[in-house]
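Asks: The structure file protein.pdb (PDB, C-alpha atoms, pLDDT in the B column) is provided below.
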```pdb
ATOM      1  CA  MET A 228       0.000   0.000   0.000  1.00 47.00           C
ATOM      2  CA  ASN A 229       1.110   3.564  -0.630  1.00 68.00           C
ATOM      3  CA  SER A 230       2.885   4.796   2.508  1.00 84.00           C
ATOM      4  CA  LEU A 231       1.684   8.352   1.866  1.00 96.00           C
ATOM      5  CA  PHE A 232      -1.753   7.618   3.185  1.00 96.00           C
ATOM      6  CA  GLY A 233      -3.798   8.395   6.279  1.00 97.00           C
ATOM      7  CA  LEU A 234      -3.495  10.947   9.048  1.00 98.00           C
ATOM      8  CA  TYR A 235      -0.818  13.612   8.522  1.00 98.00           C
ATOM      9  CA  ALA A 236      -0.144  15.279  11.877  1.00 98.00           C
ATOM     10  CA  ILE A 237       1.256  18.824  11.870  1.00 98.00           C
ATOM     11  CA  THR A 238       2.808  20.337  14.974  1.00 98.00           C
ATOM     12  CA  ASP A 239       2.080  23.844  16.217  1.00 97.00           C
ATOM     13  CA  ASP A 240       4.317  25.924  18.489  1.00 96.00           C
ATOM     14  CA  ASN A 241       1.501  27.507  20.491  1.00 94.00           C
ATOM     15  CA  LEU A 242      -0.697  24.455  20.784  1.00 95.00           C
ATOM     16  CA  LEU A 243       2.176  22.195  21.811  1.00 97.00           C
ATOM     17  CA  ALA A 244       4.201  24.560  23.974  1.00 94.00           C
ATOM     18  CA  ASN A 245       6.160  22.489  26.534  1.00 94.00           C
ATOM     19  CA  ARG A 246       4.536  19.236  25.380  1.00 97.00           C
ATOM     20  CA  LEU A 247       5.739  18.666  21.827  1.00 98.00           C
ATOM     21  CA  LEU A 248       7.293  15.235  22.287  1.00 98.00           C
ATOM     22  CA  PRO A 249       4.644  13.617  24.501  1.00 98.00           C
ATOM     23  CA  ALA A 250       1.873  14.942  22.267  1.00 98.00           C
ATOM     24  CA  VAL A 251       3.504  13.620  19.097  1.00 98.00           C
ATOM     25  CA  GLU A 252       4.244  10.303  20.783  1.00 98.00           C
ATOM     26  CA  ALA A 253       0.570  10.016  21.725  1.00 98.00           C
ATOM     27  CA  ALA A 254      -0.357  10.484  18.050  1.00 98.00           C
ATOM     28  CA  LEU A 255       2.219   7.909  16.999  1.00 98.00           C
ATOM     29  CA  ALA A 256       0.949   5.472  19.630  1.00 98.00           C
ATOM     30  CA  GLY A 257      -2.543   5.962  18.223  1.00 98.00           C
ATOM     31  CA  GLY A 258      -1.401   4.937  14.743  1.00 98.00           C
ATOM     32  CA  CYS A 259      -0.263   8.131  12.995  1.00 98.00           C
ATOM     33  CA  ARG A 260       2.636   7.441  10.649  1.00 98.00           C
ATOM     34  CA  ILE A 261       3.248  10.878   9.093  1.00 98.00           C
ATOM     35  CA  VAL A 262       4.340  13.888  11.146  1.00 98.00           C
ATOM     36  CA  GLN A 263       5.298  17.340   9.952  1.00 98.00           C
ATOM     37  CA  TYR A 264       7.426  19.501  12.216  1.00 98.00           C
ATOM     38  CA  ARG A 265       6.121  23.014  11.668  1.00 98.00           C
ATOM     39  CA  SER A 266       7.800  25.606  13.842  1.00 96.00           C
ATOM     40  CA  LYS A 267       8.148  29.354  13.447  1.00 91.00           C
ATOM     41  CA  GLN A 268      10.658  29.801  16.249  1.00 88.00           C
ATOM     42  CA  THR A 269      13.967  31.410  15.292  1.00 87.00           C
ATOM     43  CA  ASP A 270      16.313  29.779  17.811  1.00 91.00           C
ATOM     44  CA  ARG A 271      18.335  27.486  15.559  1.00 93.00           C
ATOM     45  CA  SER A 272      19.650  25.300  18.374  1.00 95.00           C
ATOM     46  CA  GLU A 273      16.108  24.741  19.630  1.00 95.00           C
ATOM     47  CA  LEU A 274      14.867  23.915  16.134  1.00 96.00           C
ATOM     48  CA  LEU A 275      17.668  21.424  15.681  1.00 97.00           C
ATOM     49  CA  ALA A 276      17.097  19.816  19.072  1.00 97.00           C
ATOM     50  CA  GLU A 277      13.359  19.435  18.585  1.00 98.00           C
ATOM     51  CA  ALA A 278      13.685  18.156  15.022  1.00 98.00           C
ATOM     52  CA  ASN A 279      16.279  15.573  16.045  1.00 98.00           C
ATOM     53  CA  ALA A 280      14.165  14.408  18.977  1.00 98.00           C
ATOM     54  CA  LEU A 281      11.114  14.086  16.741  1.00 98.00           C
ATOM     55  CA  LEU A 282      13.073  12.109  14.156  1.00 98.00           C
ATOM     56  CA  ILE A 283      14.235   9.637  16.797  1.00 98.00           C
ATOM     57  CA  LEU A 284      10.667   9.294  18.041  1.00 98.00           C
ATOM     58  CA  CYS A 285       9.225   8.806  14.551  1.00 98.00           C
ATOM     59  CA  ASN A 286      11.849   6.203  13.708  1.00 98.00           C
ATOM     60  CA  GLN A 287      10.901   4.265  16.834  1.00 98.00           C
ATOM     61  CA  TYR A 288       7.347   4.009  15.535  1.00 98.00           C
ATOM     62  CA  GLY A 289       8.236   3.436  11.889  1.00 97.00           C
ATOM     63  CA  ALA A 290       6.771   6.824  11.014  1.00 98.00           C
ATOM     64  CA  LYS A 291       7.925   9.528   8.613  1.00 98.00           C
ATOM     65  CA  LEU A 292       9.038  12.993   9.726  1.00 98.00           C
ATOM     66  CA  PHE A 293       8.795  15.901   7.300  1.00 98.00           C
ATOM     67  CA  ILE A 294      10.170  19.362   8.031  1.00 98.00           C
ATOM     68  CA  ASN A 295       8.007  22.324   7.083  1.00 98.00           C
ATOM     69  CA  ASP A 296       9.600  24.924   4.758  1.00 96.00           C
ATOM     70  CA  ASN A 297      13.193  24.348   5.918  1.00 96.00           C
ATOM     71  CA  ALA A 298      14.975  22.018   3.487  1.00 97.00           C
ATOM     72  CA  GLN A 299      18.319  22.882   5.086  1.00 96.00           C
ATOM     73  CA  LEU A 300      17.129  21.643   8.474  1.00 97.00           C
ATOM     74  CA  ALA A 301      15.668  18.536   6.832  1.00 98.00           C
ATOM     75  CA  ALA A 302      19.051  17.805   5.260  1.00 98.00           C
ATOM     76  CA  GLU A 303      20.932  18.504   8.464  1.00 97.00           C
ATOM     77  CA  ILE A 304      19.004  16.012  10.571  1.00 98.00           C
ATOM     78  CA  GLY A 305      18.359  13.515   7.771  1.00 98.00           C
ATOM     79  CA  SER A 306      14.571  13.657   8.021  1.00 98.00           C
ATOM     80  CA  HIS A 307      12.396  11.628   5.688  1.00 98.00           C
ATOM     81  CA  GLY A 308      11.453  14.697   3.709  1.00 98.00           C
ATOM     82  CA  VAL A 309      10.350  18.306   3.522  1.00 98.00           C
ATOM     83  CA  HIS A 310       7.120  20.157   2.877  1.00 98.00           C
ATOM     84  CA  LEU A 311       7.529  23.290   0.771  1.00 98.00           C
ATOM     85  CA  GLY A 312       5.370  26.356   0.350  1.00 96.00           C
ATOM     86  CA  GLN A 313       5.092  28.225  -2.938  1.00 95.00           C
ATOM     87  CA  GLU A 314       7.555  30.829  -1.616  1.00 95.00           C
ATOM     88  CA  ASP A 315      10.201  28.283  -0.585  1.00 96.00           C
ATOM     89  CA  ILE A 316      13.095  26.913  -2.628  1.00 96.00           C
ATOM     90  CA  PRO A 317      12.230  25.120  -5.899  1.00 97.00           C
ATOM     91  CA  ILE A 318      11.563  21.388  -5.818  1.00 98.00           C
ATOM     92  CA  ALA A 319      14.669  20.688  -7.913  1.00 97.00           C
ATOM     93  CA  GLU A 320      16.846  22.561  -5.435  1.00 97.00           C
ATOM     94  CA  ALA A 321      15.334  20.686  -2.506  1.00 98.00           C
ATOM     95  CA  ARG A 322      15.861  17.402  -4.335  1.00 98.00           C
ATOM     96  CA  ALA A 323      19.514  18.203  -4.954  1.00 97.00           C
ATOM     97  CA  LEU A 324      19.927  19.011  -1.267  1.00 97.00           C
ATOM     98  CA  LEU A 325      18.011  16.038   0.139  1.00 97.00           C
ATOM     99  CA  GLY A 326      18.633  13.286  -2.396  1.00 97.00           C
ATOM    100  CA  ASN A 327      16.394  10.988  -4.396  1.00 96.00           C
ATOM    101  CA  LYS A 328      15.038   9.047  -1.416  1.00 96.00           C
ATOM    102  CA  ALA A 329      13.626  12.109   0.350  1.00 98.00           C
ATOM    103  CA  ILE A 330       9.901  12.796   0.143  1.00 98.00           C
ATOM    104  CA  ILE A 331       9.084  16.288  -1.096  1.00 98.00           C
ATOM    105  CA  GLY A 332       5.610  17.753  -0.836  1.00 98.00           C
ATOM    106  CA  ILE A 333       4.357  21.181  -1.767  1.00 98.00           C
ATOM    107  CA  THR A 334       1.383  23.392  -0.988  1.00 97.00           C
ATOM    108  CA  CYS A 335      -0.768  24.154  -4.039  1.00 97.00           C
ATOM    109  CA  HIS A 336      -3.658  26.024  -2.341  1.00 95.00           C
ATOM    110  CA  ASP A 337      -6.626  25.513  -4.689  1.00 95.00           C
ATOM    111  CA  SER A 338      -4.647  25.345  -7.936  1.00 96.00           C
ATOM    112  CA  LEU A 339      -4.592  22.228 -10.067  1.00 97.00           C
ATOM    113  CA  ALA A 340      -2.142  23.999 -12.393  1.00 98.00           C
ATOM    114  CA  LEU A 341       0.372  24.379  -9.551  1.00 98.00           C
ATOM    115  CA  ALA A 342      -0.129  20.726  -8.654  1.00 98.00           C
ATOM    116  CA  LEU A 343       0.517  19.569 -12.212  1.00 98.00           C
ATOM    117  CA  GLU A 344       3.668  21.705 -12.312  1.00 98.00           C
ATOM    118  CA  ALA A 345       4.800  20.250  -8.991  1.00 98.00           C
ATOM    119  CA  GLN A 346       4.274  16.697 -10.205  1.00 98.00           C
ATOM    120  CA  GLN A 347       6.266  17.459 -13.346  1.00 98.00           C
ATOM    121  CA  ALA A 348       9.043  18.963 -11.200  1.00 97.00           C
ATOM    122  CA  GLY A 349       9.324  15.778  -9.151  1.00 97.00           C
ATOM    123  CA  ALA A 350       7.124  16.356  -6.097  1.00 98.00           C
ATOM    124  CA  ASP A 351       6.101  13.211  -4.233  1.00 98.00           C
ATOM    125  CA  TYR A 352       2.785  14.652  -3.078  1.00 98.00           C
ATOM    126  CA  VAL A 353       0.790  17.872  -3.259  1.00 98.00           C
ATOM    127  CA  ALA A 354      -1.397  19.587  -0.657  1.00 98.00           C
ATOM    128  CA  PHE A 355      -4.609  21.508  -1.261  1.00 97.00           C
ATOM    129  CA  GLY A 356      -6.534  23.723   1.147  1.00 94.00           C
ATOM    130  CA  ARG A 357      -7.837  25.314   3.262  1.00 93.00           C
ATOM    131  CA  PHE A 358     -11.171  23.566   2.904  1.00 95.00           C
ATOM    132  CA  PHE A 359     -12.788  24.825   6.098  1.00 93.00           C
ATOM    133  CA  SER A 360     -12.292  27.671   8.552  1.00 86.00           C
ATOM    134  CA  SER A 361      -8.843  27.263  10.099  1.00 76.00           C
ATOM    135  CA  SER A 362      -7.425  28.795  13.255  1.00 74.00           C
ATOM    136  CA  THR A 363      -3.919  27.775  12.164  1.00 71.00           C
ATOM    137  CA  LYS A 364      -4.125  29.511   8.785  1.00 69.00           C
ATOM    138  CA  PRO A 365      -7.142  31.845   8.955  1.00 72.00           C
ATOM    139  CA  SER A 366      -5.990  33.997   6.035  1.00 72.00           C
ATOM    140  CA  ALA A 367      -5.289  31.113   3.645  1.00 75.00           C
ATOM    141  CA  PRO A 368      -7.414  31.240   0.487  1.00 78.00           C
ATOM    142  CA  PRO A 369     -10.375  28.832   0.548  1.00 86.00           C
ATOM    143  CA  ALA A 370     -10.494  25.755  -1.653  1.00 90.00           C
ATOM    144  CA  ASP A 371     -13.457  23.686  -2.795  1.00 94.00           C
ATOM    145  CA  LEU A 372     -13.579  19.919  -2.365  1.00 96.00           C
ATOM    146  CA  SER A 373     -14.038  19.629  -6.121  1.00 96.00           C
ATOM    147  CA  VAL A 374     -10.320  20.350  -6.559  1.00 97.00           C
ATOM    148  CA  LEU A 375      -9.591  17.030  -4.844  1.00 97.00           C
ATOM    149  CA  ARG A 376     -11.812  15.114  -7.260  1.00 97.00           C
ATOM    150  CA  THR A 377     -10.175  16.791 -10.247  1.00 97.00           C
ATOM    151  CA  ALA A 378      -6.689  16.267  -8.832  1.00 97.00           C
ATOM    152  CA  LYS A 379      -7.276  12.558  -8.266  1.00 95.00           C
ATOM    153  CA  ALA A 380      -8.366  12.222 -11.880  1.00 96.00           C
ATOM    154  CA  GLN A 381      -5.352  14.049 -13.307  1.00 97.00           C
ATOM    155  CA  LEU A 382      -2.458  13.409 -10.927  1.00 98.00           C
ATOM    156  CA  THR A 383      -0.516  10.232 -10.277  1.00 97.00           C
ATOM    157  CA  ILE A 384       0.943  11.360  -6.926  1.00 98.00           C
ATOM    158  CA  PRO A 385      -0.859  11.391  -3.548  1.00 98.00           C
ATOM    159  CA  VAL A 386      -2.977  14.319  -2.434  1.00 98.00           C
ATOM    160  CA  VAL A 387      -3.154  15.963   0.987  1.00 98.00           C
ATOM    161  CA  ALA A 388      -6.080  18.026   2.235  1.00 98.00           C
ATOM    162  CA  ILE A 389      -5.513  20.682   4.892  1.00 96.00           C
ATOM    163  CA  GLY A 390      -7.441  23.423   6.635  1.00 95.00           C
ATOM    164  CA  GLY A 391     -10.001  23.154   9.397  1.00 95.00           C
ATOM    165  CA  ILE A 392     -10.369  19.384   9.131  1.00 97.00           C
ATOM    166  CA  THR A 393     -12.241  17.675  11.969  1.00 97.00           C
ATOM    167  CA  LEU A 394     -13.581  14.209  12.595  1.00 97.00           C
ATOM    168  CA  ASP A 395     -17.003  15.457  11.517  1.00 97.00           C
ATOM    169  CA  ASN A 396     -15.985  16.789   8.100  1.00 97.00           C
ATOM    170  CA  ALA A 397     -13.132  14.351   7.415  1.00 97.00           C
ATOM    171  CA  PRO A 398     -15.273  11.666   5.714  1.00 96.00           C
ATOM    172  CA  SER A 399     -16.391  14.126   3.028  1.00 96.00           C
ATOM    173  CA  VAL A 400     -12.767  15.091   2.376  1.00 97.00           C
ATOM    174  CA  ILE A 401     -11.625  11.482   2.078  1.00 97.00           C
ATOM    175  CA  THR A 402     -14.551  10.681  -0.223  1.00 96.00           C
ATOM    176  CA  ALA A 403     -13.589  13.649  -2.420  1.00 97.00           C
ATOM    177  CA  GLY A 404     -10.174  12.070  -2.983  1.00 96.00           C
ATOM    178  CA  ALA A 405      -7.750  12.997  -0.202  1.00 97.00           C
ATOM    179  CA  ASP A 406      -5.087  10.342   0.403  1.00 97.00           C
ATOM    180  CA  MET A 407      -3.958  12.155   3.546  1.00 98.00           C
ATOM    181  CA  LEU A 408      -5.640  14.484   6.012  1.00 98.00           C
ATOM    182  CA  ALA A 409      -3.360  17.152   7.479  1.00 98.00           C
ATOM    183  CA  VAL A 410      -4.687  17.940  10.941  1.00 98.00           C
ATOM    184  CA  VAL A 411      -3.418  20.356  13.592  1.00 97.00           C
ATOM    185  CA  GLY A 412      -5.956  21.676  16.089  1.00 96.00           C
ATOM    186  CA  ASP A 413      -8.516  18.865  16.019  1.00 97.00           C
ATOM    187  CA  LEU A 414      -5.725  16.394  16.758  1.00 98.00           C
ATOM    188  CA  PHE A 415      -3.347  18.128  19.135  1.00 98.00           C
ATOM    189  CA  GLY A 416      -6.110  20.083  20.852  1.00 97.00           C
ATOM    190  CA  ALA A 417      -7.940  16.874  21.755  1.00 98.00           C
ATOM    191  CA  ALA A 418      -8.163  15.765  25.380  1.00 97.00           C
ATOM    192  CA  ASP A 419      -6.938  12.294  24.362  1.00 98.00           C
ATOM    193  CA  ILE A 420      -4.610  12.594  21.360  1.00 98.00           C
ATOM    194  CA  ALA A 421      -4.061   8.851  20.960  1.00 98.00           C
ATOM    195  CA  ASP A 422      -7.800   8.194  20.955  1.00 98.00           C
ATOM    196  CA  ARG A 423      -8.435  11.006  18.465  1.00 98.00           C
ATOM    197  CA  THR A 424      -5.693   9.564  16.248  1.00 98.00           C
ATOM    198  CA  ARG A 425      -7.293   6.135  16.321  1.00 98.00           C
ATOM    199  CA  ALA A 426     -10.600   7.689  15.281  1.00 98.00           C
ATOM    200  CA  TYR A 427      -8.964   9.336  12.266  1.00 98.00           C
ATOM    201  CA  CYS A 428      -7.136   6.159  11.298  1.00 97.00           C
ATOM    202  CA  LYS A 429     -10.407   4.237  11.457  1.00 96.00           C
ATOM    203  CA  LEU A 430     -11.859   6.569   8.814  1.00 96.00           C
ATOM    204  CA  PHE A 431      -9.171   5.487   6.375  1.00 93.00           C
ATOM    205  CA  ILE A 432      -9.628   1.807   7.173  1.00 84.00           C
ATOM    206  CA  THR A 433     -13.339   2.207   6.439  1.00 64.00           C
ATOM    207  CA  GLN A 434     -12.565   3.991   3.153  1.00 59.00           C
ATOM    208  CA  GLU A 435     -10.135   1.223   2.137  1.00 56.00           C
ATOM    209  CA  SER A 436     -12.863  -1.343   2.706  1.00 48.00           C
ATOM    210  CA  ILE A 437     -15.246   0.649   0.522  1.00 43.00           C
ATOM    211  CA  ASP A 438     -12.625   1.013  -2.242  1.00 55.00           C
ATOM    212  CA  ASP A 439     -11.887  -2.717  -2.175  1.00 53.00           C
ATOM    213  CA  THR A 440     -15.537  -3.497  -2.895  1.00 45.00           C
ATOM    214  CA  LEU A 441     -15.744  -1.180  -5.916  1.00 48.00           C
TER     215      LEU A 441
END
```
The structure given in the file should be rewritten as structure tokens.

Replies:
Amino acid sequence: MNSLFGLYAITDDNLLANRLLPAVEAALAGGCRIVQYRSKQTDRSELLAEANALLILCNQYGAKLFINDNAQLAAEIGSHGVHLGQEDIPIAEARALLGNKAIIGITCHDSLALALEAQQAGADYVAFGRFFSSSTKPSAPPADLSVLRTAKAQLTIPVVAIGGITLDNAPSVITAGADMLAVVGDLFGAADIADRTRAYCKLFITQESIDDTL
């Protein structure tokens, strides 16, 4: 099965202040196998320490760690990959820095054209969103679920959906074509992160069962 599939947990400095590692470990214990380290702090030593600790933790669970925006940090710690924004370094430059085995994803907002360009440039996955109101990225341009259906028909690489995703709206996003659900607040703001993770993972197991019968 494609390893780029399922719950895609994204960390948040404010939400996870002083509890980054235990919170991520709870998600990993619940079954999450993709984690993105997204931090806006400027202390390089702290970034390096947290990223290294997360990589060790993810490796213990057989999970992948992606670094948000910072391909240099991803290369320095040897993470499994990097997630790029449209303003970050080009995919080709990130590939040269990280090597052929690294997983490179890129944000495409609501643009299929950007996604097609990213696939052509060698991206391993693309991300669309925001699909719902998001406290993490309130100013991000909105996207319609129809972009997921179109993307699945035209792309050969996996698709991530991000932006205000909750357990309630997640089934509609998966049905529209998302291979991965990027979740921040509804996961790491939960009272029981491991239990919330299991609930998300169950959605994908259910969808797999449906797909197998088609």

Asks: In terms of the shortest atom-to-atom distance over all atoms listed in the file, which of A:Gly356, A:Pro369, A:Ala276, A:Gly412 is closest to Val400 (chain A)?

Replies: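 The shortest atom-to-atom distance to Val400 (chain A) comes from A:Gly356.
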
Asks: I'd like to know which of A:Ala250, A:Gly326, A:Ala236, A:Thr402 is closest to Ala418 (chain A), using all atoms listed in the file.

Replies: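 Using all atoms listed in the file, the shortest distance to Ala418 (chain A) belongs to A:Ala250.
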
Asks: Using CA of Cys335 (chain A) and CA of Leu311 (chain A) as the two end points, give the distance in Å to one decimal.

Replies: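 Taking CA of Cys335 (chain A) as the start and CA of Leu311 (chain A) as the end point, the length is 9.6 Å.
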
Asks: Pull out every residue that the PyMOL selection byres ((chain A and resi 419-430) around 9) matches in the shown coordinates and put them as a PDB file with C-alpha atoms, in the frame of the given file.

Replies:
```pdb
ATOM      1  CA  GLY A 233      -3.798   8.395   6.279  1.00 97.00           C
ATOM      2  CA  LEU A 234      -3.495  10.947   9.048  1.00 98.00           C
ATOM      3  CA  ALA A 250       1.873  14.942  22.267  1.00 98.00           C
ATOM      4  CA  VAL A 251       3.504  13.620  19.097  1.00 98.00           C
ATOM      5  CA  GLU A 252       4.244  10.303  20.783  1.00 98.00           C
ATOM      6  CA  ALA A 253       0.570  10.016  21.725  1.00 98.00           C
ATOM      7  CA  ALA A 254      -0.357  10.484  18.050  1.00 98.00           C
ATOM      8  CA  LEU A 255       2.219   7.909  16.999  1.00 98.00           C
ATOM      9  CA  ALA A 256       0.949   5.472  19.630  1.00 98.00           C
ATOM     10  CA  GLY A 257      -2.543   5.962  18.223  1.00 98.00           C
ATOM     11  CA  GLY A 258      -1.401   4.937  14.743  1.00 98.00           C
ATOM     12  CA  CYS A 259      -0.263   8.131  12.995  1.00 98.00           C
ATOM     13  CA  THR A 393     -12.241  17.675  11.969  1.00 97.00           C
ATOM     14  CA  LEU A 394     -13.581  14.209  12.595  1.00 97.00           C
ATOM     15  CA  ALA A 397     -13.132  14.351   7.415  1.00 97.00           C
ATOM     16  CA  PRO A 398     -15.273  11.666   5.714  1.00 96.00           C
ATOM     17  CA  ILE A 401     -11.625  11.482   2.078  1.00 97.00           C
ATOM     18  CA  LEU A 408      -5.640  14.484   6.012  1.00 98.00           C
ATOM     19  CA  ASP A 413      -8.516  18.865  16.019  1.00 97.00           C
ATOM     20  CA  LEU A 414      -5.725  16.394  16.758  1.00 98.00           C
ATOM     21  CA  PHE A 415      -3.347  18.128  19.135  1.00 98.00           C
ATOM     22  CA  GLY A 416      -6.110  20.083  20.852  1.00 97.00           C
ATOM     23  CA  ALA A 417      -7.940  16.874  21.755  1.00 98.00           C
ATOM     24  CA  ALA A 418      -8.163  15.765  25.380  1.00 97.00           C
ATOM     25  CA  PHE A 431      -9.171   5.487   6.375  1.00 93.00           C
ATOM     26  CA  ILE A 432      -9.628   1.807   7.173  1.00 84.00           C
ATOM     27  CA  THR A 433     -13.339   2.207   6.439  1.00 64.00           C
ATOM     28  CA  GLN A 434     -12.565   3.991   3.153  1.00 59.00           C
ATOM     29  CA  GLU A 435     -10.135   1.223   2.137  1.00 56.00           C
TER      30      GLU A 435
END
```

Asks: Report as a ChimeraX atom specification all protein, DNA and RNA residues lying within 9 Å of Leu242 (chain A), evaluated on all atoms listed in the file, omitting residues in the same chain fewer than 2 positions from it.

Replies: /A:238-240,244,246-247,411-412,415-416

Asks: Return as lines of an AutoDock Vina configuration file the box centre and box size in Å, one decimal, for an axis-aligned box around all listed atoms of region 404-422 of chain A padded by 5 Å per side.

Replies:
```
center_x = -6.8
center_y = 14.9
center_z = 11.2
size_x = 16.8
size_y = 23.5
size_z = 38.4
```

Asks: Can you work out the spacing between CA of Arg357 (chain A) and CA of Leu372 (chain A) in Å, to one decimal?

Replies: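 Going from CA of Arg357 (chain A) over to CA of Leu372 (chain A) covers 9.7 Å.
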
Asks: Write out as a ChimeraX atom specification each polymer residue whose atoms come within 8 Å of Leu339 (chain A), counting only C-alpha atoms; drop sequence neighbours fewer than 5 positions from it.

Replies: /A:374,377-378

Asks: Would you pick out the contacts of Gly332 (chain A) at 6 Å or less, using only C-alpha atoms, so that residues sharing its chain but fewer than 5 positions from it are not included, and give the list as a ChimeraX atom specification?

Replies: /A:310,350-353

Asks: Which is closer to Arg265 (chain A) than all the others in A:Ala302, A:Leu324, A:Leu382, A:Ala409, using only C-alpha atoms?

Replies: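 Selected residue with least distance to Arg265 (chain A): A:Ala409.
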
Asks: Closest to Ala340 (chain A) among A:Ser362, A:Asn327, A:Gln381, A:Ser266, using all atoms listed in the file?

Replies: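 Under the stated criterion, the closest residue is A:Gln381.
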
Asks: Return the single residue from A:Val410, A:Ala403, A:Ala329, A:Leu282 that is closest to Ala380 (chain A), with distances computed using only C-alpha atoms.

Replies: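 Under the stated criterion, the closest residue is A:Ala403.
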
Asks: CA of Asn297 (chain A) and CA of Arg376 (chain A), how far apart in Å?

Replies: 29.7 Å
